[in-house]
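**Student:** Sharing a structure below in structure tokens format, with a few things to ask.
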Amino acid sequence: IAQYQEVKVSSFEEFIQAVEEHNGKTIFAYFTGSKDAEGKSWCLDCAQAEPVIGEGLKHISEGCVFIYCQVGEKPYWKDPNNDFRKKLKVTAVPTLLKYRTPQKLVESECFQASLVEMLFSED
Amino acid sequence: RPPEDREEVRRRLMGLIEGNRVMIFSKSYCPYSTRVKELFSSLGIGCNILELDQIDDGANVQEVLSEISNQKTVPNIFVNKVHVGGCDRTFQAHQNGLLQKLLQEDSAYDYDLIVIGGGSGGLACAKEAAILGKKVMVLDFVVPSPQGTSWGLGGTCVNVGCIPKKLMHQAALLGQALHDSRKFGWEYNQHVRHSWETMIEAVQNHIGSLNWGYRLSLREKSVAYVNSYGEFVEHHKIKATNRKGQETCYTAAKFVIATGERPRYLGIQGDKEYCITSDDLFSLPHCPGKTLVVGASYVALECAGFLAGLGLEVTVMVRSVLLRGFDQEMAEKVGSYMEQHGVKFLRKFVPVMVQQLEKGSPGKLKVSAKSTEGPETIEGIYNTLLIFVISDPCTRKIGLEKIGVKINEKNGKIPVNDVEQTNVPYVFAIGDVLEGKPELTPVAIQAGKLLARRLFGAASEKCDYVNIPTAVFTPLEYGCCGLSEEKAVEAYKKENLEVFHSFFWPLEWTLAGRDNNTCYAKIICNKLDHDRIIGLHILGPNAGEVTQGFAAAMKCGLTKQQLDDTIGIHPTCGEVFTALEITKSSGLDITQKGC
């Protein structure tokens with residue numbers, strides 16, 4: 001089983017901090033609607049995608065970083081000026097991307113195991 | 001006839017019917033038989049054919065055949081032992097998909113289709129075949145340029161062609177627009193500079209997203225994509241070599257060659273070491289600086305054009321004509337506009353040597369050139385030398401000789417019939433590798449889609465290569481559809497043609513104080529055919545956008561009368577075509593004065 005590092009963050013600032021800490025490594029990021037105390041997300045698509053992402057993680061190479069980022073509550077997410085939209089150009093959840101590359105999967109693309117596998121195993 | 005003989009004939013016929021995937025009983029002079037043979041040939045399906053008029057007991061055979069199949073006539077077709085019928089029934093079976101079912105490929109091959117080349121044509125063909133339910137593989141591999149440049153999935157257009165070219169052309173146009181903007185009242189600080197690095201980064205990011213988009217698109221349609229160099233090793237089998245040199249073999253029932261072209265170097269001292277081509281320009285990390293462009297292809301002029309538009313000092317060295325193959329009157333106008341706007345032209349010269357004076361990004365190069373007309377030689381010093389003379393098809397190192405696919409030895413192109421089939425029935429070709437077809441992305445895409453539909457979807461539509469519109473994105477854009485004036489005269493004779501022409505002055509140019517009597521439009525009408533428009537040409541802003549609509553009209557058989565009956569949209573450039581009155585033959589002056 002590949003040794004990748006998983007980092008959990010729950011705000012834009014935390015995300016940027018995590019990226020800076022792991023500068024130089026291959027970084028994958030998954031953006032999801034935030035979960036409540038019972039672990040349920042307001043984003044139904046995110047709930048559907050999560051197990052697929054979990055399976056896909058098996059294809060990550062050693063030394064990579066996987067940042068699991070909860071974007072916040074629904075009203076914050078819907079605000080067109082939130083930091084994720086304006087500064088990261090992440091405009092939909094779920095989004096799975098390889099940081100600093102054009103490679104990303106958006107919404108229902110995250111449900112497809114073959115696409116998720118392809119993104120995680122890019123060389 | 002004695003019964004034993006009949007029995008023998010019957011046995012023989014059954015042997016043929018059972019022993020061949022497709023068995024056609026035919027007569028060599030019969031046109032229906034010919035049609036049916038052509039159908040199977042165009043599908044790349046081998047058949048066994050018995051010409052009843054060419055055997056001794058043909059009449060006998062025809063009688064026994066009638067007993068077996070209840071059909072008295074030829075052609076009489078059997079597919080995988082099933083009696084399909086005559087010509088009509090066979091074509092019906094092709095239309096409704098029954099033929100495909102009967103022909104069900106053996107699972108002896110790894111894939112139904114392997115496409116070699118993941119560019120515009122290859123991807124379109126592969127995706128269409130996959131949509132039709134076939135098992136498809138795409139092989140794409142970019143051999144690095146002499147300067148070491150490589151790129152991702154998508155082919156020439158996306159990576160080192162149309163897309164980056166048009167984006168950089170737009171960058172140059174925006175520079176011009178900034179310049180014009182003051183006349184429209186915009187006020188800002190004098191100093192406007194262009195950052196090559198910012199532009200390149202933005203362009204490459206966009207290309208990267210397109211490469212990724214293609215990867216997704218193939219995966220979603222379950223097309224296998226392999227980033228390996230493909231070459232034929234034997235019939236129906238290719239060897240794929242990846243970047244690390246690992247080899248894997250794959251087999252397929254059908255193959256499509258869509259390997260495209262790469263720029264040709266000059267074959268002079270210093271060319272591969274110090275010069276670059278379009279393969280390298282669009283990802284060049286540093287500004288090219290003072291540039292010499294060798295060649296006068298549309299690529300050469302478009303690149304020279306936008307480099308000059310970005311503020312660089314550009315010289316174009318041309319051996320003979322500009323835009324070979326295009327209407328020469330229009331080509332000269334394109335060149336003339338560039339010259340008036342700061343691009344230097346060295347006509348009738350060819351480079352003979354390139355030396356490096358200084359290393360750097362960019363460095364300094366000394367170029368020596370000689371005249372094509374006399375002993376004169378010249379020298380020049382430039383930061384960058386761009387070669388855009390011609391491109392060569394990637395057909396010489398893919399093992400075509402191993403399976404007998406014929407290519408034109410002189411230019412490397414692959415001749416195909418009207419269904420894009422090579423001389424080897426299960427091998428097809430599309431895109432820039434084709435002999436005698438326009439080298440354009442939309443042409444390759446259309447050919448690829450239709451080919452897949454004919455092979456796997458029981459369709460019969462062929463790609464129409466007539467009246468294909470195109471645009472050249474030089475600083476003054478040129479759009480055209482149909483014949484050049486030279487080709488029209490050659491095909492129809494001058495006295496049978498009427499050419500209408502006009503200058504026009506785009507409204508936006510008036511305030512900006514830009515050239516009048518420069519933008520130009522002409523149409524070539526065939527007098528023998530209701531003044532049908534067989535050639536349409538425009539030089540002006542947004543020429544590509546203007547031409548697209550008229551291409552559709554020409555497909556519908558546009559005549560001069562219909563054009564005159566069309567009311568123009570005002571104020572636009574395109575409306576010039578609805579108001580053409582002056583003919584070349586009248587000799588009247590078309591110079592405009594005001595308005």
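Residue names in the structure tokens use chain letters A, B, ... in the order shown, residue numbers from 1 in each chain, and ligand numbers from 1 in the order shown.
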Write out, as JSON lines, each residue of chain A that has an atom at most 10 Å from chain B, together with the closest pair of atoms and their distance in Å to one decimal, counting only C-alpha atoms, rows going by chain and rising number.

**Tutor:**
{"residue": "A:Arg100", "atom": "CA", "partner": "B:Asn205", "partner_atom": "CA", "distance": 9.7}
{"residue": "A:Thr101", "atom": "CA", "partner": "B:Gly208", "partner_atom": "CA", "distance": 7.7}
{"residue": "A:Pro102", "atom": "CA", "partner": "B:Ser209", "partner_atom": "CA", "distance": 4.8}
{"residue": "A:Gln103", "atom": "CA", "partner": "B:Trp212", "partner_atom": "CA", "distance": 5.9}
{"residue": "A:Lys104", "atom": "CA", "partner": "B:Trp212", "partner_atom": "CA", "distance": 8.1}
{"residue": "A:Leu105", "atom": "CA", "partner": "B:Leu216", "partner_atom": "CA", "distance": 8.8}
{"residue": "A:Glu109", "atom": "CA", "partner": "B:Glu220", "partner_atom": "CA", "distance": 9.0}
{"residue": "A:Gln112", "atom": "CA", "partner": "B:Glu220", "partner_atom": "CA", "distance": 8.4}
{"residue": "A:Ser114", "atom": "CA", "partner": "B:Arg219", "partner_atom": "CA", "distance": 7.1}
{"residue": "A:Leu115", "atom": "CA", "partner": "B:Arg219", "partner_atom": "CA", "distance": 6.6}
{"residue": "A:Val116", "atom": "CA", "partner": "B:Leu216", "partner_atom": "CA", "distance": 9.9}
{"residue": "A:Met118", "atom": "CA", "partner": "B:Arg219", "partner_atom": "CA", "distance": 8.3}
{"residue": "A:Leu119", "atom": "CA", "partner": "B:Leu216", "partner_atom": "CA", "distance": 9.2}

**Student:** When you look at Tyr68 (chain A) with a cut-off of 7 Å (counting only C-alpha atoms), what residues show up, excluding the ones that are within fewer than 5 positions of it in the same chain? I need them as a ChimeraX atom specification.

**Tutor:** /A:7-9,29-31

**Student:** If you measure from CA of Arg264 (chain B) to CA of Ser391 (chain B), what distance in Å do you get, rounded to one decimal?

**Tutor:**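 One can read the CA of Arg264 (chain B) to CA of Ser391 (chain B) distance as 5.1 Å.
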
**Student:** Let's see if you can do this: from backbone DSSP, list all strand (DSSP E) residues in region 40-94 of chain A, as a list in words.

**Tutor:** Val65, Phe66, Ile67, Tyr68, Cys69 and Gln70 of chain A

**Student:** For the atom pair CA of Glu575 (chain B) and CA of Cys519 (chain B), what is the interatomic distance in Å to one decimal place?

**Tutor:**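 One can read the CA of Glu575 (chain B) to CA of Cys519 (chain B) distance as 12.8 Å.
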
**Student:** According to DSSP computed on the backbone, where in region 214-425 of chain B is there alpha helix (DSSP H)? Give the residues as a short mmCIF file (atom, residue, chain, number, x, y, z; two decimals) with all heavy atoms, in the first residue's frame.

**Tutor:**
data_model
loop_
_atom_site.label_atom_id
_atom_site.label_comp_id
_atom_site.auth_asym_id
_atom_site.auth_seq_id
_atom_site.Cartn_x
_atom_site.Cartn_y
_atom_site.Cartn_z
N TYR B 214 -9.15 15.81 -23.40
CA TYR B 214 -9.12 14.69 -24.32
C TYR B 214 -8.92 13.37 -23.58
O TYR B 214 -9.52 12.35 -23.91
CB TYR B 214 -8.02 14.86 -25.36
CG TYR B 214 -8.37 15.85 -26.45
CD1 TYR B 214 -7.56 16.95 -26.70
CD2 TYR B 214 -9.52 15.69 -27.22
CE1 TYR B 214 -7.87 17.86 -27.68
CE2 TYR B 214 -9.84 16.60 -28.21
CZ TYR B 214 -9.01 17.68 -28.43
OH TYR B 214 -9.34 18.59 -29.40
N ARG B 215 -8.05 13.39 -22.56
CA ARG B 215 -7.82 12.17 -21.77
C ARG B 215 -9.14 11.73 -21.13
O ARG B 215 -9.51 10.56 -21.17
CB ARG B 215 -6.81 12.44 -20.65
CG ARG B 215 -5.44 12.89 -21.04
CD ARG B 215 -4.54 11.76 -21.47
NE ARG B 215 -4.69 10.57 -20.66
CZ ARG B 215 -4.03 10.32 -19.55
NH1 ARG B 215 -3.15 11.19 -19.11
NH2 ARG B 215 -4.24 9.21 -18.88
N LEU B 216 -9.87 12.71 -20.55
CA LEU B 216 -11.16 12.41 -19.91
C LEU B 216 -12.14 11.84 -20.92
O LEU B 216 -12.82 10.85 -20.67
CB LEU B 216 -11.78 13.69 -19.35
CG LEU B 216 -11.35 14.19 -17.99
CD1 LEU B 216 -12.26 15.34 -17.57
CD2 LEU B 216 -11.43 13.06 -16.97
N SER B 217 -12.19 12.52 -22.06
CA SER B 217 -13.15 12.16 -23.09
C SER B 217 -12.94 10.73 -23.56
O SER B 217 -13.88 9.96 -23.74
CB SER B 217 -12.99 13.16 -24.23
OG SER B 217 -13.83 12.85 -25.26
N LEU B 218 -11.68 10.32 -23.74
CA LEU B 218 -11.39 8.96 -24.17
C LEU B 218 -11.76 7.96 -23.09
O LEU B 218 -12.36 6.92 -23.34
CB LEU B 218 -9.91 8.81 -24.55
CG LEU B 218 -9.43 9.50 -25.82
CD1 LEU B 218 -7.98 9.15 -26.08
CD2 LEU B 218 -10.28 9.14 -27.02
N ARG B 219 -11.38 8.29 -21.85
CA ARG B 219 -11.67 7.39 -20.74
C ARG B 219 -13.17 7.19 -20.56
O ARG B 219 -13.64 6.08 -20.35
CB ARG B 219 -11.12 7.99 -19.47
CG ARG B 219 -10.21 7.27 -18.48
CD ARG B 219 -9.93 5.86 -18.60
NE ARG B 219 -8.56 5.55 -18.27
CZ ARG B 219 -8.16 5.01 -17.13
NH1 ARG B 219 -9.04 4.71 -16.21
NH2 ARG B 219 -6.89 4.80 -16.91
N GLU B 220 -13.91 8.29 -20.64
CA GLU B 220 -15.36 8.22 -20.46
C GLU B 220 -16.00 7.31 -21.50
O GLU B 220 -17.02 6.67 -21.25
CB GLU B 220 -15.99 9.61 -20.56
CG GLU B 220 -15.92 10.37 -19.26
CD GLU B 220 -16.45 11.78 -19.39
OE1 GLU B 220 -16.34 12.37 -20.49
OE2 GLU B 220 -16.97 12.29 -18.39
N ASP B 271 21.10 24.08 -38.89
CA ASP B 271 19.65 24.21 -38.79
C ASP B 271 19.08 23.51 -37.56
O ASP B 271 18.37 24.13 -36.75
CB ASP B 271 18.93 23.83 -40.08
CG ASP B 271 19.06 22.35 -40.44
OD1 ASP B 271 19.84 21.64 -39.78
OD2 ASP B 271 18.40 21.93 -41.40
N LYS B 272 19.41 22.26 -37.36
CA LYS B 272 18.80 21.55 -36.22
C LYS B 272 19.35 22.03 -34.87
O LYS B 272 18.67 21.97 -33.86
CB LYS B 272 19.00 20.04 -36.37
CG LYS B 272 18.14 19.46 -37.46
CD LYS B 272 17.83 17.99 -37.25
CE LYS B 272 16.84 17.53 -38.32
NZ LYS B 272 17.28 16.33 -39.05
N GLU B 273 20.61 22.51 -34.88
CA GLU B 273 21.18 22.92 -33.58
C GLU B 273 20.64 24.25 -33.11
O GLU B 273 20.43 24.46 -31.92
CB GLU B 273 22.71 23.08 -33.67
CG GLU B 273 23.45 21.80 -34.00
CD GLU B 273 23.72 21.68 -35.48
OE1 GLU B 273 22.74 21.73 -36.26
OE2 GLU B 273 24.88 21.53 -35.85
N TYR B 274 20.47 25.20 -34.05
CA TYR B 274 20.18 26.57 -33.63
C TYR B 274 18.81 27.09 -34.01
O TYR B 274 18.39 28.13 -33.51
CB TYR B 274 21.25 27.52 -34.20
CG TYR B 274 22.67 27.06 -33.93
CD1 TYR B 274 23.56 26.87 -34.97
CD2 TYR B 274 23.10 26.80 -32.63
CE1 TYR B 274 24.86 26.43 -34.74
CE2 TYR B 274 24.38 26.36 -32.38
CZ TYR B 274 25.27 26.17 -33.44
OH TYR B 274 26.54 25.74 -33.20
N SER B 278 7.59 25.66 -35.59
CA SER B 278 6.31 25.85 -34.89
C SER B 278 6.19 24.85 -33.74
O SER B 278 5.47 25.08 -32.77
CB SER B 278 5.14 25.68 -35.85
OG SER B 278 5.28 24.48 -36.59
N ASP B 279 6.91 23.73 -33.81
CA ASP B 279 6.89 22.77 -32.70
C ASP B 279 7.40 23.39 -31.41
O ASP B 279 7.02 22.96 -30.32
CB ASP B 279 7.77 21.55 -33.04
CG ASP B 279 7.10 20.59 -34.02
OD1 ASP B 279 5.94 20.83 -34.41
OD2 ASP B 279 7.77 19.61 -34.39
N ASP B 280 8.31 24.37 -31.56
CA ASP B 280 8.97 24.93 -30.38
C ASP B 280 8.44 26.31 -29.99
O ASP B 280 8.50 26.71 -28.83
CB ASP B 280 10.49 25.06 -30.62
CG ASP B 280 11.10 23.80 -31.21
OD1 ASP B 280 11.13 22.79 -30.49
OD2 ASP B 280 11.53 23.83 -32.38
N LEU B 281 7.96 27.07 -30.99
CA LEU B 281 7.64 28.48 -30.78
C LEU B 281 6.58 28.70 -29.69
O LEU B 281 6.71 29.60 -28.86
CB LEU B 281 7.16 29.12 -32.09
CG LEU B 281 6.73 30.60 -31.99
CD1 LEU B 281 7.92 31.48 -31.62
CD2 LEU B 281 6.12 31.07 -33.30
N TYR B 298 1.44 29.40 -44.77
CA TYR B 298 0.54 30.19 -43.92
C TYR B 298 1.06 30.21 -42.48
O TYR B 298 0.91 31.21 -41.77
CB TYR B 298 -0.90 29.68 -44.02
CG TYR B 298 -1.17 28.37 -43.32
CD1 TYR B 298 -1.52 28.34 -41.97
CD2 TYR B 298 -1.08 27.16 -44.01
CE1 TYR B 298 -1.75 27.14 -41.33
CE2 TYR B 298 -1.31 25.96 -43.37
CZ TYR B 298 -1.65 25.95 -42.03
OH TYR B 298 -1.87 24.76 -41.40
N VAL B 299 1.71 29.12 -42.06
CA VAL B 299 2.28 29.09 -40.71
C VAL B 299 3.33 30.18 -40.56
O VAL B 299 3.35 30.91 -39.57
CB VAL B 299 2.90 27.70 -40.40
CG1 VAL B 299 3.48 27.68 -39.00
CG2 VAL B 299 1.88 26.61 -40.58
N ALA B 300 4.21 30.28 -41.57
CA ALA B 300 5.29 31.28 -41.52
C ALA B 300 4.71 32.67 -41.42
O ALA B 300 5.12 33.47 -40.57
CB ALA B 300 6.17 31.16 -42.76
N LEU B 301 3.75 33.00 -42.27
CA LEU B 301 3.22 34.35 -42.30
C LEU B 301 2.39 34.66 -41.06
O LEU B 301 2.44 35.77 -40.53
CB LEU B 301 2.39 34.58 -43.57
CG LEU B 301 3.19 34.50 -44.88
CD1 LEU B 301 2.31 34.91 -46.06
CD2 LEU B 301 4.44 35.35 -44.84
N GLU B 302 1.63 33.69 -40.58
CA GLU B 302 0.84 33.92 -39.37
C GLU B 302 1.77 34.20 -38.18
O GLU B 302 1.54 35.13 -37.41
CB GLU B 302 -0.05 32.71 -39.06
CG GLU B 302 -1.26 32.60 -39.98
CD GLU B 302 -2.03 31.30 -39.78
OE1 GLU B 302 -1.43 30.33 -39.27
OE2 GLU B 302 -3.21 31.26 -40.14
N CYS B 303 2.81 33.39 -38.04
CA CYS B 303 3.73 33.58 -36.91
C CYS B 303 4.51 34.87 -37.05
O CYS B 303 4.65 35.62 -36.08
CB CYS B 303 4.66 32.37 -36.77
SG CYS B 303 3.80 30.89 -36.24
N ALA B 304 5.02 35.12 -38.27
CA ALA B 304 5.73 36.38 -38.48
C ALA B 304 4.81 37.53 -38.13
O ALA B 304 5.21 38.52 -37.50
CB ALA B 304 6.20 36.48 -39.93
N GLY B 305 3.57 37.41 -38.52
CA GLY B 305 2.57 38.45 -38.28
C GLY B 305 2.36 38.74 -36.81
O GLY B 305 2.41 39.89 -36.38
N PHE B 306 2.11 37.71 -36.01
CA PHE B 306 1.83 38.02 -34.60
C PHE B 306 3.08 38.41 -33.83
O PHE B 306 3.02 39.22 -32.92
CB PHE B 306 1.00 36.94 -33.89
CG PHE B 306 1.69 35.65 -33.56
CD1 PHE B 306 2.70 35.58 -32.61
CD2 PHE B 306 1.28 34.47 -34.16
CE1 PHE B 306 3.31 34.37 -32.29
CE2 PHE B 306 1.87 33.26 -33.85
CZ PHE B 306 2.89 33.21 -32.91
N LEU B 307 4.24 37.88 -34.24
CA LEU B 307 5.48 38.31 -33.58
C LEU B 307 5.70 39.81 -33.81
O LEU B 307 6.07 40.54 -32.89
CB LEU B 307 6.67 37.51 -34.11
CG LEU B 307 6.73 36.04 -33.68
CD1 LEU B 307 7.87 35.32 -34.39
CD2 LEU B 307 6.89 35.92 -32.17
N ALA B 308 5.45 40.25 -35.05
CA ALA B 308 5.60 41.67 -35.33
C ALA B 308 4.55 42.46 -34.55
O ALA B 308 4.82 43.53 -34.01
CB ALA B 308 5.45 41.93 -36.83
N GLY B 309 3.35 41.92 -34.46
CA GLY B 309 2.28 42.58 -33.73
C GLY B 309 2.56 42.71 -32.25
O GLY B 309 2.04 43.60 -31.58
N GLN B 328 -3.16 33.74 -55.53
CA GLN B 328 -1.95 34.54 -55.44
C GLN B 328 -2.20 36.04 -55.32
O GLN B 328 -1.42 36.75 -54.71
CB GLN B 328 -1.02 34.23 -56.61
CG GLN B 328 -0.28 32.89 -56.43
CD GLN B 328 0.57 32.89 -55.16
OE1 GLN B 328 1.55 33.59 -55.04
NE2 GLN B 328 0.16 32.09 -54.16
N GLU B 329 -3.31 36.53 -55.92
CA GLU B 329 -3.63 37.96 -55.77
C GLU B 329 -3.85 38.25 -54.27
O GLU B 329 -3.35 39.23 -53.73
CB GLU B 329 -4.90 38.30 -56.56
CG GLU B 329 -5.31 39.77 -56.40
CD GLU B 329 -6.67 40.08 -57.03
OE1 GLU B 329 -7.49 39.14 -57.20
OE2 GLU B 329 -6.90 41.25 -57.35
N MET B 330 -4.60 37.36 -53.60
CA MET B 330 -4.88 37.54 -52.17
C MET B 330 -3.59 37.38 -51.36
O MET B 330 -3.34 38.12 -50.43
CB MET B 330 -5.93 36.54 -51.68
CG MET B 330 -7.25 36.54 -52.44
SD MET B 330 -8.06 38.15 -52.58
CE MET B 330 -8.73 38.38 -50.96
N ALA B 331 -2.76 36.40 -51.77
CA ALA B 331 -1.51 36.16 -51.04
C ALA B 331 -0.61 37.39 -51.07
O ALA B 331 -0.03 37.78 -50.06
CB ALA B 331 -0.78 34.96 -51.63
N GLU B 332 -0.53 38.01 -52.24
CA GLU B 332 0.31 39.20 -52.34
C GLU B 332 -0.24 40.35 -51.50
O GLU B 332 0.52 41.11 -50.91
CB GLU B 332 0.45 39.64 -53.81
CG GLU B 332 1.45 38.80 -54.60
CD GLU B 332 2.84 38.79 -53.99
OE1 GLU B 332 3.32 39.85 -53.54
OE2 GLU B 332 3.47 37.69 -53.94
N LYS B 333 -1.56 40.45 -51.44
CA LYS B 333 -2.16 41.52 -50.62
C LYS B 333 -1.86 41.27 -49.14
O LYS B 333 -1.60 42.20 -48.37
CB LYS B 333 -3.67 41.60 -50.85
CG LYS B 333 -4.05 42.22 -52.18
CD LYS B 333 -5.58 42.38 -52.26
CE LYS B 333 -6.07 42.76 -53.62
NZ LYS B 333 -5.58 44.05 -54.11
N VAL B 334 -1.91 40.00 -48.73
CA VAL B 334 -1.60 39.64 -47.34
C VAL B 334 -0.18 40.08 -47.01
O VAL B 334 0.08 40.73 -46.00
CB VAL B 334 -1.74 38.11 -47.12
CG1 VAL B 334 -1.04 37.67 -45.84
CG2 VAL B 334 -3.20 37.70 -47.08
N GLY B 335 0.74 39.73 -47.93
CA GLY B 335 2.15 40.06 -47.72
C GLY B 335 2.39 41.55 -47.73
O GLY B 335 3.15 42.10 -46.91
N SER B 336 1.70 42.22 -48.65
CA SER B 336 1.89 43.66 -48.79
C SER B 336 1.45 44.40 -47.52
O SER B 336 2.11 45.33 -47.06
CB SER B 336 1.09 44.09 -50.02
OG SER B 336 0.92 45.46 -50.02
N TYR B 337 0.35 43.98 -46.93
CA TYR B 337 -0.12 44.60 -45.68
C TYR B 337 0.92 44.39 -44.58
O TYR B 337 1.25 45.31 -43.83
CB TYR B 337 -1.46 43.99 -45.25
CG TYR B 337 -2.01 44.59 -43.98
CD1 TYR B 337 -2.83 45.71 -44.02
CD2 TYR B 337 -1.71 44.04 -42.74
CE1 TYR B 337 -3.34 46.27 -42.86
CE2 TYR B 337 -2.20 44.59 -41.57
CZ TYR B 337 -3.02 45.71 -41.64
OH TYR B 337 -3.51 46.26 -40.48
N MET B 338 1.46 43.19 -44.49
CA MET B 338 2.46 42.91 -43.47
C MET B 338 3.67 43.80 -43.66
O MET B 338 4.25 44.33 -42.70
CB MET B 338 2.87 41.43 -43.51
CG MET B 338 1.80 40.51 -42.96
SD MET B 338 2.17 38.77 -43.20
CE MET B 338 3.54 38.52 -42.09
N GLU B 339 4.04 43.98 -44.92
CA GLU B 339 5.22 44.79 -45.22
C GLU B 339 4.99 46.25 -44.83
O GLU B 339 5.87 46.89 -44.25
CB GLU B 339 5.55 44.68 -46.71
CG GLU B 339 6.99 44.93 -47.02
CD GLU B 339 7.38 44.39 -48.38
OE1 GLU B 339 6.48 44.03 -49.17
OE2 GLU B 339 8.59 44.32 -48.64
N GLN B 340 3.79 46.75 -45.15
CA GLN B 340 3.48 48.13 -44.79
C GLN B 340 3.44 48.32 -43.28
O GLN B 340 3.53 49.43 -42.80
CB GLN B 340 2.13 48.54 -45.36
CG GLN B 340 2.21 49.05 -46.79
CD GLN B 340 0.90 48.87 -47.51
OE1 GLN B 340 -0.15 49.05 -46.89
NE2 GLN B 340 0.96 48.53 -48.78
N LEU B 400 4.98 0.65 -42.41
CA LEU B 400 3.99 0.45 -43.49
C LEU B 400 4.49 -0.54 -44.53
O LEU B 400 3.71 -1.28 -45.13
CB LEU B 400 3.65 1.78 -44.16
CG LEU B 400 2.90 2.79 -43.30
CD1 LEU B 400 2.58 4.05 -44.10
CD2 LEU B 400 1.61 2.19 -42.76
N GLU B 401 5.81 -0.56 -44.71
CA GLU B 401 6.38 -1.46 -45.73
C GLU B 401 6.19 -2.93 -45.31
O GLU B 401 6.10 -3.80 -46.14
CB GLU B 401 7.86 -1.13 -45.98
CG GLU B 401 8.81 -1.42 -44.84
CD GLU B 401 8.68 -0.45 -43.67
OE1 GLU B 401 8.04 0.60 -43.83
OE2 GLU B 401 9.22 -0.76 -42.59
N LYS B 402 6.07 -3.17 -44.01
CA LYS B 402 5.90 -4.55 -43.52
C LYS B 402 4.56 -5.14 -43.92
O LYS B 402 4.40 -6.35 -44.02
CB LYS B 402 6.02 -4.61 -41.99
CG LYS B 402 7.36 -4.19 -41.45
CD LYS B 402 7.82 -5.12 -40.30
CE LYS B 402 9.25 -4.85 -39.90
NZ LYS B 402 9.41 -3.63 -39.11
N ILE B 403 3.57 -4.27 -44.12
CA ILE B 403 2.27 -4.80 -44.50
C ILE B 403 1.87 -4.34 -45.90
O ILE B 403 0.75 -4.56 -46.34
CB ILE B 403 1.17 -4.42 -43.48
CG1 ILE B 403 1.11 -2.89 -43.31
CG2 ILE B 403 1.42 -5.10 -42.15
CD1 ILE B 403 -0.12 -2.45 -42.53
#

**Student:** What separation in Å, quoted to one decimal, exists between CA of Phe388 (chain B) and CA of Leu323 (chain B)?

**Tutor:**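 Computing it gives 11.4 Å between the two atoms.
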
**Student:** Out of A:Lys58, A:Lys35, A:Arg85, A:Lys40, which residue has the shortest atom-to-atom distance to Ser121 (chain A) when counting only C-alpha atoms?

**Tutor:** A:Lys58

**Student:** Quick one: residues within 7 Å of Lys239 (chain B), only C-alpha atoms counted, chain neighbours fewer than 2 positions away excluded, as a PyMOL selection string?

**Tutor:** chain B and resi 230-233+237+241+247-250

**Student:** Mind writing the picked residues with C-alpha atoms as an mmCIF file, in the first residue's frame?

**Tutor:**
data_model
loop_
_atom_site.group_PDB
_atom_site.id
_atom_site.type_symbol
_atom_site.label_atom_id
_atom_site.label_comp_id
_atom_site.auth_asym_id
_atom_site.auth_seq_id
_atom_site.Cartn_x
_atom_site.Cartn_y
_atom_site.Cartn_z
ATOM 1 C CA GLY B 230 3.098 2.604 -32.818
ATOM 2 C CA GLU B 231 4.511 0.722 -35.800
ATOM 3 C CA PHE B 232 3.273 -2.236 -37.831
ATOM 4 C CA VAL B 233 5.169 -5.497 -37.403
ATOM 5 C CA LYS B 237 -0.444 -6.306 -35.550
ATOM 6 C CA THR B 241 7.010 1.459 -27.646
ATOM 7 C CA GLU B 247 7.369 -2.753 -26.130
ATOM 8 C CA THR B 248 3.876 -4.203 -26.199
ATOM 9 C CA CYS B 249 2.051 -5.697 -29.183
ATOM 10 C CA TYR B 250 -1.612 -5.227 -30.049
#

**Student:** Which neighbours of Pro415 (chain B) fall inside 12 Å, counting only C-alpha atoms, when residues of the same chain fewer than 6 positions from it are skipped, and could you give them as a list in words?

**Tutor:** Ile257, Thr395, Val405, Lys406, Ile407, Asn408, Glu409, Gln421, Thr422, Asn423, Val424, Val427, Phe428, Ala429, Ile430, Gly431, Asp432, Val433, Leu434, Glu435, Gly436 and Lys437 of chain B

**Student:** Give the answer as one residue: which of B:Asn516, B:Lys584, B:Ser33, B:Asn48 has the shortest atom-to-atom distance to Leu16 (chain B), using only C-alpha atoms?

**Tutor:**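 Answer, going by the shortest atom-to-atom distance: B:Asn48.
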
**Student:** Which residues, written as an NGL selection string, have at least one atom at most 10 Å from region 89-98 of chain A, with only C-alpha atoms counted and residues fewer than 2 positions away on the same chain left out?

**Tutor:** :A and (26-33 or 43-50 or 53 or 65-71 or 77-78 or 80 or 82-87 or 100-111 or 116 or 119-120 or 122)
